[in-house]
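Trainee: To be precise about what I am sending: the file is called data_16.pdb and holds PDB, C-alpha atoms.
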```
MODEL        1
ATOM      1  CA  MET A1343     -15.600   8.983 -17.830  1.00  0.00           C
ATOM      2  CA  VAL A1344     -17.214   6.717 -15.266  1.00  0.00           C
ATOM      3  CA  LYS A1345     -17.438   7.074 -11.512  1.00  0.00           C
ATOM      4  CA  ILE A1346     -16.059   4.094  -9.619  1.00  0.00           C
ATOM      5  CA  GLU A1347     -15.497   3.090  -6.020  1.00  0.00           C
ATOM      6  CA  LEU A1348     -11.905   2.597  -4.868  1.00  0.00           C
ATOM      7  CA  ASN A1349     -11.749   0.280  -1.843  1.00  0.00           C
ATOM      8  CA  LEU A1350      -8.656   0.440   0.341  1.00  0.00           C
ATOM      9  CA  PHE A1351      -7.466  -2.460   2.465  1.00  0.00           C
ATOM     10  CA  ASN A1352      -4.884  -2.987   5.208  1.00  0.00           C
ATOM     11  CA  LEU A1353      -1.889  -0.614   4.860  1.00  0.00           C
ATOM     12  CA  PHE A1354      -3.700   1.642   2.360  1.00  0.00           C
ATOM     13  CA  ALA A1355      -6.616   2.153   4.761  1.00  0.00           C
ATOM     14  CA  LEU A1356      -4.303   2.680   7.736  1.00  0.00           C
ATOM     15  CA  ARG A1357      -2.152   5.294   6.040  1.00  0.00           C
ATOM     16  CA  THR A1358      -4.967   7.258   4.382  1.00  0.00           C
ATOM     17  CA  LYS A1359      -7.507   6.817   7.200  1.00  0.00           C
ATOM     18  CA  LYS A1360     -10.087   5.969   4.515  1.00  0.00           C
ATOM     19  CA  ASP A1361     -11.583   2.685   3.398  1.00  0.00           C
ATOM     20  CA  LYS A1362     -13.467   3.888   0.303  1.00  0.00           C
ATOM     21  CA  LEU A1363     -13.028   6.726  -2.165  1.00  0.00           C
ATOM     22  CA  GLU A1364     -14.807   7.717  -5.368  1.00  0.00           C
ATOM     23  CA  TYR A1365     -12.974   8.742  -8.521  1.00  0.00           C
ATOM     24  CA  GLU A1366     -13.824   9.275 -12.168  1.00  0.00           C
ATOM     25  CA  GLY A1367     -11.757   7.923 -15.030  1.00  0.00           C
ATOM     26  CA  ASN A1368     -11.661   5.759 -18.124  1.00  0.00           C
ATOM     27  CA  THR A1369      -8.962   3.277 -17.084  1.00  0.00           C
ATOM     28  CA  VAL A1370      -7.533   1.696 -13.956  1.00  0.00           C
ATOM     29  CA  GLY A1371      -4.431   3.849 -14.487  1.00  0.00           C
ATOM     30  CA  ASP A1372      -6.518   7.043 -14.415  1.00  0.00           C
ATOM     31  CA  ILE A1373      -7.856   6.119 -10.974  1.00  0.00           C
ATOM     32  CA  ILE A1374      -4.504   5.009  -9.559  1.00  0.00           C
ATOM     33  CA  LYS A1375      -2.840   8.206 -10.794  1.00  0.00           C
ATOM     34  CA  GLN A1376      -5.487  10.376  -9.082  1.00  0.00           C
ATOM     35  CA  PHE A1377      -5.204   8.356  -5.880  1.00  0.00           C
ATOM     36  CA  ILE A1378      -1.410   8.712  -5.778  1.00  0.00           C
ATOM     37  CA  THR A1379      -1.655  12.459  -6.457  1.00  0.00           C
ATOM     38  CA  ASP A1380      -4.085  12.837  -3.538  1.00  0.00           C
ATOM     39  CA  TYR A1381      -2.283  10.600  -1.031  1.00  0.00           C
ATOM     40  CA  LYS A1382       1.395  10.216  -2.001  1.00  0.00           C
ATOM     41  CA  GLU A1383       2.623  11.903   1.179  1.00  0.00           C
ATOM     42  CA  ASP A1384       0.539   9.536   3.338  1.00  0.00           C
ATOM     43  CA  LEU A1385       1.492   6.355   1.468  1.00  0.00           C
ATOM     44  CA  GLY A1386       5.266   6.657   1.550  1.00  0.00           C
ATOM     45  CA  GLU A1387       7.946   4.010   1.427  1.00  0.00           C
ATOM     46  CA  GLY A1388       7.168   0.483   0.382  1.00  0.00           C
ATOM     47  CA  VAL A1389       3.820   1.359  -1.181  1.00  0.00           C
ATOM     48  CA  LEU A1390       5.138   3.752  -3.838  1.00  0.00           C
ATOM     49  CA  THR A1391       8.189   3.651  -6.079  1.00  0.00           C
ATOM     50  CA  LYS A1392      11.162   5.784  -5.021  1.00  0.00           C
ATOM     51  CA  ASN A1393      10.023   8.769  -7.114  1.00  0.00           C
ATOM     52  CA  LYS A1394       6.516   8.551  -5.545  1.00  0.00           C
ATOM     53  CA  LYS A1395       4.837   8.549  -8.965  1.00  0.00           C
ATOM     54  CA  LYS A1396       3.682   4.911  -9.179  1.00  0.00           C
ATOM     55  CA  LEU A1397       2.552   2.101  -6.940  1.00  0.00           C
ATOM     56  CA  ASN A1398       5.177  -0.455  -6.044  1.00  0.00           C
ATOM     57  CA  PRO A1399       4.617  -3.311  -8.555  1.00  0.00           C
ATOM     58  CA  GLN A1400       4.094  -5.732  -5.653  1.00  0.00           C
ATOM     59  CA  MET A1401       0.869  -3.987  -4.586  1.00  0.00           C
ATOM     60  CA  LEU A1402      -2.348  -5.797  -5.460  1.00  0.00           C
ATOM     61  CA  VAL A1403      -4.756  -3.935  -7.721  1.00  0.00           C
ATOM     62  CA  LEU A1404      -8.032  -5.774  -8.245  1.00  0.00           C
ATOM     63  CA  LEU A1405     -10.913  -4.815 -10.523  1.00  0.00           C
ATOM     64  CA  ASN A1406     -14.147  -6.491  -9.469  1.00  0.00           C
ATOM     65  CA  GLY A1407     -12.035  -9.073  -7.638  1.00  0.00           C
ATOM     66  CA  ARG A1408      -9.688  -9.839 -10.554  1.00  0.00           C
ATOM     67  CA  ASN A1409      -6.012  -8.929 -10.525  1.00  0.00           C
ATOM     68  CA  VAL A1410      -5.488  -6.263 -13.215  1.00  0.00           C
ATOM     69  CA  THR A1411      -2.183  -7.940 -14.116  1.00  0.00           C
ATOM     70  CA  TYR A1412      -4.267 -10.655 -15.803  1.00  0.00           C
ATOM     71  CA  LEU A1413      -6.466  -8.128 -17.585  1.00  0.00           C
ATOM     72  CA  GLU A1414      -4.865  -5.164 -19.371  1.00  0.00           C
ATOM     73  CA  ASN A1415      -3.082  -3.930 -16.255  1.00  0.00           C
ATOM     74  CA  TYR A1416      -3.418  -0.137 -15.846  1.00  0.00           C
ATOM     75  CA  LYS A1417      -4.861   0.181 -19.369  1.00  0.00           C
ATOM     76  CA  THR A1418      -7.932  -1.860 -18.359  1.00  0.00           C
ATOM     77  CA  LYS A1419     -11.061   0.081 -19.311  1.00  0.00           C
ATOM     78  CA  LEU A1420     -13.630   0.866 -16.650  1.00  0.00           C
ATOM     79  CA  LYS A1421     -17.408   0.765 -16.839  1.00  0.00           C
ATOM     80  CA  ALA A1422     -20.106   2.099 -14.534  1.00  0.00           C
ATOM     81  CA  GLY A1423     -20.426   0.125 -11.324  1.00  0.00           C
ATOM     82  CA  ASP A1424     -16.880  -1.258 -11.361  1.00  0.00           C
ATOM     83  CA  LYS A1425     -15.130  -1.588  -8.028  1.00  0.00           C
ATOM     84  CA  LEU A1426     -11.399  -1.224  -7.695  1.00  0.00           C
ATOM     85  CA  TYR A1427      -9.469  -2.606  -4.716  1.00  0.00           C
ATOM     86  CA  LEU A1428      -5.977  -1.785  -3.451  1.00  0.00           C
ATOM     87  CA  SER A1429      -4.203  -4.088  -1.050  1.00  0.00           C
ATOM     88  CA  PHE A1430      -0.732  -4.614   0.354  1.00  0.00           C
ATOM     89  CA  PRO A1431       0.291  -8.239  -0.326  1.00  0.00           C
ATOM     90  CA  ILE A1432       0.072 -10.311   2.838  1.00  0.00           C
ATOM     91  CA  ALA A1433       1.247 -13.866   3.237  1.00  0.00           C
ATOM     92  CA  GLY A1434       1.157 -16.221   6.124  1.00  0.00           C
ATOM     93  CA  GLY A1435       0.771 -19.757   7.099  1.00  0.00           C
TER      94      GLY A1435
ENDMDL
END
```
What's the structure tokens form of this structure?

Mentor:
Amino acid sequence: MVKIELNLFNLFALRTKKDKLEYEGNTVGDIIKQFITDYKEDLGEGVLTKNKKKLNPQMLVLLNGRNVTYLENYKTKLKAGDKLYLSFPIAGG
């Protein structure tokens, strides 16, 4: 297992009152699962699925600045020094 930094932006930071956390895991999914277990009551509606076991698929999960959807999604392997980012999608114009 590797230790990585989980960076929280906008709604995630507001609801958890944290902007960075450290977790250990082998995949992106390992980290997300631990994060949800720790903060599911703070995250609530819109961020989590109705059963509060997964992130809403619209949430942005970035690994070193790349959307994990274009990698191996939650099965993406982690290595030392990786940085994971969670963000609520924001649009404007």

Trainee: Using the chain letters and numbering of this document, enumerate as a PDB file with C-alpha atoms, keeping the file's coordinate frame the residues selected by the PyMOL selection byres ((chain A and resi 1352) around 9).

Mentor:
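Generated file (expr-v4.pdb):
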```
ATOM      1  CA  LEU A1350      -8.656   0.440   0.341  1.00  0.00           C
ATOM      2  CA  PHE A1351      -7.466  -2.460   2.465  1.00  0.00           C
ATOM      3  CA  LEU A1353      -1.889  -0.614   4.860  1.00  0.00           C
ATOM      4  CA  PHE A1354      -3.700   1.642   2.360  1.00  0.00           C
ATOM      5  CA  ALA A1355      -6.616   2.153   4.761  1.00  0.00           C
ATOM      6  CA  LEU A1356      -4.303   2.680   7.736  1.00  0.00           C
ATOM      7  CA  ARG A1357      -2.152   5.294   6.040  1.00  0.00           C
ATOM      8  CA  ASP A1361     -11.583   2.685   3.398  1.00  0.00           C
ATOM      9  CA  LEU A1428      -5.977  -1.785  -3.451  1.00  0.00           C
ATOM     10  CA  SER A1429      -4.203  -4.088  -1.050  1.00  0.00           C
ATOM     11  CA  PHE A1430      -0.732  -4.614   0.354  1.00  0.00           C
TER      12      PHE A1430
END
```

Trainee: Smallest atom-to-atom distance to Gly1407 (chain A): which of A:Tyr1427, A:Thr1358, A:Lys1375, A:Thr1369, using all atoms listed in the file?

Mentor: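 Of A:Tyr1427, A:Thr1358, A:Lys1375, A:Thr1369, the one nearest Gly1407 (chain A) is A:Tyr1427, counting all atoms listed in the file.
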
Trainee: What is the CA of Lys1396 (chain A) to CA of Glu1383 (chain A) distance in Å?

Mentor: 12.5 Å

Trainee: Interatomic distance between CA of Gly1367 (chain A) and CA of Lys1392 (chain A)?

Mentor: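 Value for the CA of Gly1367 (chain A)-CA of Lys1392 (chain A) distance: 25.1 Å.
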
Trainee: So which residues touch Phe1377 (chain A) within 10 Å, counting all atoms listed in the file, skipping near sequence neighbours fewer than 5 positions away, as a ChimeraX atom specification?

Mentor: /A:1348,1363-1365,1371-1372,1382

Trainee: Between CA of Lys1362 (chain A) and CA of Pro1399 (chain A), what is the spacing in Å?

Mentor: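 Going from CA of Pro1399 (chain A) over to CA of Lys1362 (chain A) covers 21.4 Å.
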
Trainee: Here's the selection I'm unsure about, the PyMOL selection byres ((chain A and resi 1411-1415) around 12); applied to the file above, which residues does it give, as number ranges by chain?

Mentor: A: 1369-1372, 1374, 1399-1410, 1416-1420

Trainee: Around the point (-16.0, 8.6, -21.0), in the coordinates given by the file, pick out the residues reaching within 8 Å, counting only C-alpha atoms, and return them as a PyMOL selection string.

Mentor: chain A and resi 1343-1344+1367-1368

Trainee: Go ahead and save the picked residues with C-alpha atoms, as an mmCIF file, keeping the file's coordinate frame.

Mentor:
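Resulting contents of selection_26.cif:
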```
data_model
loop_
_atom_site.group_PDB
_atom_site.id
_atom_site.type_symbol
_atom_site.label_atom_id
_atom_site.label_comp_id
_atom_site.auth_asym_id
_atom_site.auth_seq_id
_atom_site.Cartn_x
_atom_site.Cartn_y
_atom_site.Cartn_z
ATOM 1 C CA MET A 1343 -15.600 8.983 -17.830
ATOM 2 C CA VAL A 1344 -17.214 6.717 -15.266
ATOM 3 C CA GLY A 1367 -11.757 7.923 -15.030
ATOM 4 C CA ASN A 1368 -11.661 5.759 -18.124
#
```

Trainee: Quick one: which residues end up in the PyMOL selection byres ((chain A and resi 1422) around 7) for this structure, as a list in words?

Mentor: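 The output of the PyMOL selection byres ((chain A and resi 1422) around 7) on this file is Val1344, Lys1345, Ile1346, Leu1420, Lys1421, Gly1423 and Asp1424 of chain A.
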
Trainee: Looking at A:Lys1425, A:Asn1349, A:Lys1360, A:Pro1431, which one is nearest to Gly1388 (chain A), with distances taken over all atoms listed in the file?

Mentor: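 Among the listed residues, A:Pro1431 lies closest to Gly1388 (chain A).
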
Trainee: Would you fill out region 1413-1432 of chain A with N, CA and C atoms and return it as a PDB file, in the coordinates of the input?

Mentor:
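Output (rebuild_8.pdb):
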```pdb
ATOM      1  N   LEU A1413      -5.570  -8.810 -16.647  1.00  0.00           N
ATOM      2  CA  LEU A1413      -6.466  -8.128 -17.585  1.00  0.00           C
ATOM      3  C   LEU A1413      -5.557  -7.324 -18.514  1.00  0.00           C
ATOM      4  N   GLU A1414      -5.746  -6.013 -18.572  1.00  0.00           N
ATOM      5  CA  GLU A1414      -4.865  -5.164 -19.371  1.00  0.00           C
ATOM      6  C   GLU A1414      -4.075  -4.214 -18.483  1.00  0.00           C
ATOM      7  N   ASN A1415      -3.813  -4.690 -17.253  1.00  0.00           N
ATOM      8  CA  ASN A1415      -3.082  -3.930 -16.255  1.00  0.00           C
ATOM      9  C   ASN A1415      -3.690  -2.533 -16.088  1.00  0.00           C
ATOM     10  N   TYR A1416      -2.892  -1.485 -16.071  1.00  0.00           N
ATOM     11  CA  TYR A1416      -3.418  -0.137 -15.846  1.00  0.00           C
ATOM     12  C   TYR A1416      -4.182   0.411 -17.046  1.00  0.00           C
ATOM     13  N   LYS A1417      -4.113  -0.255 -18.181  1.00  0.00           N
ATOM     14  CA  LYS A1417      -4.861   0.181 -19.369  1.00  0.00           C
ATOM     15  C   LYS A1417      -6.266  -0.419 -19.407  1.00  0.00           C
ATOM     16  N   THR A1418      -6.617  -1.225 -18.420  1.00  0.00           N
ATOM     17  CA  THR A1418      -7.932  -1.860 -18.359  1.00  0.00           C
ATOM     18  C   THR A1418      -9.013  -0.791 -18.312  1.00  0.00           C
ATOM     19  N   LYS A1419      -9.959  -0.881 -19.232  1.00  0.00           N
ATOM     20  CA  LYS A1419     -11.061   0.081 -19.311  1.00  0.00           C
ATOM     21  C   LYS A1419     -12.059  -0.160 -18.188  1.00  0.00           C
ATOM     22  N   LEU A1420     -12.638   0.921 -17.715  1.00  0.00           N
ATOM     23  CA  LEU A1420     -13.630   0.866 -16.650  1.00  0.00           C
ATOM     24  C   LEU A1420     -15.029   1.086 -17.196  1.00  0.00           C
ATOM     25  N   LYS A1421     -16.011   0.510 -16.491  1.00  0.00           N
ATOM     26  CA  LYS A1421     -17.408   0.765 -16.839  1.00  0.00           C
ATOM     27  C   LYS A1421     -18.175   1.077 -15.548  1.00  0.00           C
ATOM     28  N   ALA A1422     -19.307   1.693 -15.684  1.00  0.00           N
ATOM     29  CA  ALA A1422     -20.106   2.099 -14.534  1.00  0.00           C
ATOM     30  C   ALA A1422     -20.340   0.913 -13.609  1.00  0.00           C
ATOM     31  N   GLY A1423     -20.190   1.162 -12.321  1.00  0.00           N
ATOM     32  CA  GLY A1423     -20.426   0.125 -11.324  1.00  0.00           C
ATOM     33  C   GLY A1423     -19.201  -0.704 -10.971  1.00  0.00           C
ATOM     34  N   ASP A1424     -18.103  -0.518 -11.685  1.00  0.00           N
ATOM     35  CA  ASP A1424     -16.880  -1.258 -11.361  1.00  0.00           C
ATOM     36  C   ASP A1424     -16.392  -0.875  -9.975  1.00  0.00           C
ATOM     37  N   LYS A1425     -15.748  -1.843  -9.328  1.00  0.00           N
ATOM     38  CA  LYS A1425     -15.130  -1.588  -8.028  1.00  0.00           C
ATOM     39  C   LYS A1425     -13.663  -1.960  -8.124  1.00  0.00           C
ATOM     40  N   LEU A1426     -12.836  -1.047  -7.671  1.00  0.00           N
ATOM     41  CA  LEU A1426     -11.399  -1.224  -7.695  1.00  0.00           C
ATOM     42  C   LEU A1426     -10.917  -1.397  -6.263  1.00  0.00           C
ATOM     43  N   TYR A1427      -9.973  -2.300  -6.050  1.00  0.00           N
ATOM     44  CA  TYR A1427      -9.469  -2.606  -4.716  1.00  0.00           C
ATOM     45  C   TYR A1427      -7.957  -2.481  -4.690  1.00  0.00           C
ATOM     46  N   LEU A1428      -7.416  -1.866  -3.653  1.00  0.00           N
ATOM     47  CA  LEU A1428      -5.977  -1.785  -3.451  1.00  0.00           C
ATOM     48  C   LEU A1428      -5.624  -2.492  -2.147  1.00  0.00           C
ATOM     49  N   SER A1429      -4.612  -3.351  -2.229  1.00  0.00           N
ATOM     50  CA  SER A1429      -4.203  -4.088  -1.050  1.00  0.00           C
ATOM     51  C   SER A1429      -2.697  -4.283  -1.037  1.00  0.00           C
ATOM     52  N   PHE A1430      -2.139  -4.270   0.154  1.00  0.00           N
ATOM     53  CA  PHE A1430      -0.732  -4.614   0.354  1.00  0.00           C
ATOM     54  C   PHE A1430      -0.684  -6.141   0.397  1.00  0.00           C
ATOM     55  N   PRO A1431       0.263  -6.768  -0.319  1.00  0.00           N
ATOM     56  CA  PRO A1431       0.291  -8.239  -0.326  1.00  0.00           C
ATOM     57  C   PRO A1431       0.647  -8.781   1.062  1.00  0.00           C
ATOM     58  N   ILE A1432      -0.145  -9.704   1.530  1.00  0.00           N
ATOM     59  CA  ILE A1432       0.072 -10.311   2.838  1.00  0.00           C
ATOM     60  C   ILE A1432       0.144 -11.820   2.662  1.00  0.00           C
TER      61      ILE A1432
END
```
